[in-house]
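Since the structure comes first, as structure tokens, the remarks are kept for the end.
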Amino acid sequence: MPKYITPNELFRRQNWSKVCGSCGITFGWKKTGDKAKYCSNVCAGKANGSISTNRDKLNSYTCFECNKEFFAYHKNRKFCSKTCANESWSKNMPKGYGSRKDDNHKEIVEALTKAGAYVLDMSHVGRGFPDLIIGFQSKTILMEIKNPKTSYGRKGLNKNQLKWKESWTGGAYCVADSIEAALRMIGVGK
């Protein structure tokens, strides 16, 4: 069954001047100096032999994201399209620096919660974002937790954390290395 061509498309095709050397479709606008021989890179590749038209060379694969079957020449293909690849990447995005919590993280969160603060753990975000968002007595405080018992914790903020801190123009930002320091930052304790 032939494809339906709209009247506007027919009018446009009346002004076309080239016939593809591979598939025979008319393409291109009439103009001087138009030297194209093929309607697309695919047809050019088929004509010069760089793209194989032999389906036997294609291998069947299953997309890791949508589980649909697709065909490809390369054995390393895992996804049927860039859309599926991007979807998979966004679901399994690496967490960066923030994926590992300090050993004293849990104790500090428990102490802040006992003091009456609302604590939102953001350590999974990474990329320099502070570990905690704390709401206490109508104030919001961003807190980075460091463990002074480790060499990494004694070094202080890493380059991502420093960059984030320097660009932050909002409310209070602090670094706590103990329960006492964390409580002092929110205004509880000595």
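Lettering and numbering for the structure tokens are positional, with chains as A, B, ... in the shown order, residues counted from 1 in each chain, and ligands counted from 1 in the shown order.
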
Per DSSP on the backbone, what are the strand (DSSP E or B) residues of segment 120-183 of chain A, as a PDB file with N, CA and C atoms, in the first residue's frame?
ATOM      1  N   LEU A 120      16.925  16.239  58.324  1.00  0.00           N
ATOM      2  CA  LEU A 120      16.762  15.614  57.011  1.00  0.00           C
ATOM      3  C   LEU A 120      18.143  15.176  56.536  1.00  0.00           C
ATOM      4  N   ASP A 121      18.352  13.865  56.407  1.00  0.00           N
ATOM      5  CA  ASP A 121      19.654  13.311  56.011  1.00  0.00           C
ATOM      6  C   ASP A 121      19.814  13.428  54.495  1.00  0.00           C
ATOM      7  N   LEU A 132      23.414  17.209  56.259  1.00  0.00           N
ATOM      8  CA  LEU A 132      22.136  17.362  56.956  1.00  0.00           C
ATOM      9  C   LEU A 132      21.484  18.715  56.676  1.00  0.00           C
ATOM     10  N   ILE A 133      20.163  18.695  56.624  1.00  0.00           N
ATOM     11  CA  ILE A 133      19.377  19.929  56.657  1.00  0.00           C
ATOM     12  C   ILE A 133      18.608  19.863  57.969  1.00  0.00           C
ATOM     13  N   ILE A 134      18.805  20.858  58.815  1.00  0.00           N
ATOM     14  CA  ILE A 134      18.237  20.839  60.163  1.00  0.00           C
ATOM     15  C   ILE A 134      17.262  22.000  60.325  1.00  0.00           C
ATOM     16  N   GLY A 135      16.084  21.684  60.822  1.00  0.00           N
ATOM     17  CA  GLY A 135      15.102  22.702  61.166  1.00  0.00           C
ATOM     18  C   GLY A 135      14.963  22.750  62.677  1.00  0.00           C
ATOM     19  N   PHE A 136      15.262  23.915  63.263  1.00  0.00           N
ATOM     20  CA  PHE A 136      15.191  24.025  64.720  1.00  0.00           C
ATOM     21  C   PHE A 136      14.823  25.454  65.103  1.00  0.00           C
ATOM     22  N   LYS A 139      14.511  28.064  62.410  1.00  0.00           N
ATOM     23  CA  LYS A 139      15.736  28.316  61.651  1.00  0.00           C
ATOM     24  C   LYS A 139      16.083  27.072  60.846  1.00  0.00           C
ATOM     25  N   THR A 140      16.709  27.282  59.712  1.00  0.00           N
ATOM     26  CA  THR A 140      17.202  26.185  58.883  1.00  0.00           C
ATOM     27  C   THR A 140      18.722  26.254  58.856  1.00  0.00           C
ATOM     28  N   ILE A 141      19.351  25.141  59.155  1.00  0.00           N
ATOM     29  CA  ILE A 141      20.816  25.083  59.212  1.00  0.00           C
ATOM     30  C   ILE A 141      21.287  23.929  58.341  1.00  0.00           C
ATOM     31  N   LEU A 142      22.281  24.174  57.531  1.00  0.00           N
ATOM     32  CA  LEU A 142      22.912  23.124  56.739  1.00  0.00           C
ATOM     33  C   LEU A 142      24.172  22.690  57.473  1.00  0.00           C
ATOM     34  N   MET A 143      24.335  21.366  57.647  1.00  0.00           N
ATOM     35  CA  MET A 143      25.462  20.883  58.436  1.00  0.00           C
ATOM     36  C   MET A 143      26.222  19.784  57.691  1.00  0.00           C
ATOM     37  N   GLU A 144      27.532  19.954  57.644  1.00  0.00           N
ATOM     38  CA  GLU A 144      28.445  18.930  57.120  1.00  0.00           C
ATOM     39  C   GLU A 144      29.050  18.210  58.308  1.00  0.00           C
ATOM     40  N   ILE A 145      29.053  16.884  58.276  1.00  0.00           N
ATOM     41  CA  ILE A 145      29.596  16.100  59.381  1.00  0.00           C
ATOM     42  C   ILE A 145      30.976  15.572  58.997  1.00  0.00           C
ATOM     43  N   ALA A 172      22.429  29.552  57.380  1.00  0.00           N
ATOM     44  CA  ALA A 172      23.606  29.075  58.109  1.00  0.00           C
ATOM     45  C   ALA A 172      24.141  27.768  57.551  1.00  0.00           C
ATOM     46  N   TYR A 173      25.471  27.695  57.483  1.00  0.00           N
ATOM     47  CA  TYR A 173      26.184  26.496  57.052  1.00  0.00           C
ATOM     48  C   TYR A 173      27.271  26.234  58.091  1.00  0.00           C
ATOM     49  N   CYS A 174      27.370  25.000  58.576  1.00  0.00           N
ATOM     50  CA  CYS A 174      28.388  24.708  59.586  1.00  0.00           C
ATOM     51  C   CYS A 174      28.950  23.306  59.397  1.00  0.00           C
ATOM     52  N   VAL A 175      30.088  23.081  60.026  1.00  0.00           N
ATOM     53  CA  VAL A 175      30.754  21.783  60.004  1.00  0.00           C
ATOM     54  C   VAL A 175      30.840  21.298  61.444  1.00  0.00           C
ATOM     55  N   ALA A 176      30.357  20.072  61.693  1.00  0.00           N
ATOM     56  CA  ALA A 176      30.377  19.505  63.044  1.00  0.00           C
ATOM     57  C   ALA A 176      31.191  18.224  63.039  1.00  0.00           C
TER      58      ALA A 176
END

Which residues, written as a PyMOL selection string, have at least one atom at most 12 Å from segment 101-110 of chain A, with only C-alpha atoms counted and residues fewer than 3 positions away on the same chain left out? chain A and resi 95-98+113-126+130-134+143-154+175-185

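Atom CA of Gly187 of chain A is found 23.6 Å from atom CA of Gln161 of chain A.
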
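Interatomic distance, atom CA of Gly128 of chain A to atom CA of Trp164 of chain A: 5.6 Å.
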
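Each of A:Val19, A:Ser88, A:Asn59, A:Asn48 was compared to His74 of chain A using only C-alpha atoms, and A:Asn59 turns out to be the nearest.
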
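Distance check against Gln137 of chain A using only C-alpha atoms: of A:Val188, A:Cys84, A:Lys46, A:Trp89, the minimum falls on A:Val188.
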
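Atom CA of Gly49 of chain A lies 29.1 Å from atom CA of Thr83 of chain A.
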
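The list of residues with at least one atom within 6 Å of Leu58 of chain A, based on only C-alpha atoms and without residues fewer than 4 positions apart in the same chain, reads Phe71, Ala72 and Tyr73 of chain A.
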
Go ahead and save the residues from that selection, with all heavy atoms, as a PDB file, in the first residue's frame.
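Okay, this is what ended up in out03.pdb:
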ATOM      1  N   PHE A  71      18.329  -4.757  17.000  1.00  0.00           N
ATOM      2  CA  PHE A  71      19.418  -5.307  16.205  1.00  0.00           C
ATOM      3  C   PHE A  71      20.558  -4.305  16.125  1.00  0.00           C
ATOM      4  O   PHE A  71      20.331  -3.109  15.991  1.00  0.00           O
ATOM      5  CB  PHE A  71      18.927  -5.639  14.792  1.00  0.00           C
ATOM      6  CG  PHE A  71      17.884  -6.712  14.783  1.00  0.00           C
ATOM      7  CD1 PHE A  71      16.534  -6.395  14.811  1.00  0.00           C
ATOM      8  CD2 PHE A  71      18.245  -8.051  14.773  1.00  0.00           C
ATOM      9  CE1 PHE A  71      15.569  -7.377  14.821  1.00  0.00           C
ATOM     10  CE2 PHE A  71      17.284  -9.045  14.777  1.00  0.00           C
ATOM     11  CZ  PHE A  71      15.945  -8.711  14.811  1.00  0.00           C
ATOM     12  N   ALA A  72      21.786  -4.815  16.205  1.00  0.00           N
ATOM     13  CA  ALA A  72      22.947  -3.942  16.130  1.00  0.00           C
ATOM     14  C   ALA A  72      24.133  -4.732  15.592  1.00  0.00           C
ATOM     15  O   ALA A  72      24.179  -5.964  15.688  1.00  0.00           O
ATOM     16  CB  ALA A  72      23.272  -3.374  17.500  1.00  0.00           C
ATOM     17  N   TYR A  73      25.090  -4.012  15.014  1.00  0.00           N
ATOM     18  CA  TYR A  73      26.316  -4.637  14.523  1.00  0.00           C
ATOM     19  C   TYR A  73      27.297  -4.881  15.668  1.00  0.00           C
ATOM     20  O   TYR A  73      28.030  -5.854  15.665  1.00  0.00           O
ATOM     21  CB  TYR A  73      26.987  -3.750  13.473  1.00  0.00           C
ATOM     22  CG  TYR A  73      26.199  -3.641  12.191  1.00  0.00           C
ATOM     23  CD1 TYR A  73      25.509  -2.481  11.878  1.00  0.00           C
ATOM     24  CD2 TYR A  73      26.144  -4.702  11.311  1.00  0.00           C
ATOM     25  CE1 TYR A  73      24.779  -2.385  10.710  1.00  0.00           C
ATOM     26  CE2 TYR A  73      25.411  -4.616  10.138  1.00  0.00           C
ATOM     27  CZ  TYR A  73      24.734  -3.452   9.840  1.00  0.00           C
ATOM     28  OH  TYR A  73      24.022  -3.357   8.687  1.00  0.00           O
TER      29      TYR A  73
END

Run DSSP on the backbone and tell me which residues of segment 14-183 of chain A come out as helix (DSSP H, G or I); list them as an MDAnalysis selection string. chainID A and resid 14 41:48 55:57 82:91 96:99 105:114 151:154 159:167 179:183
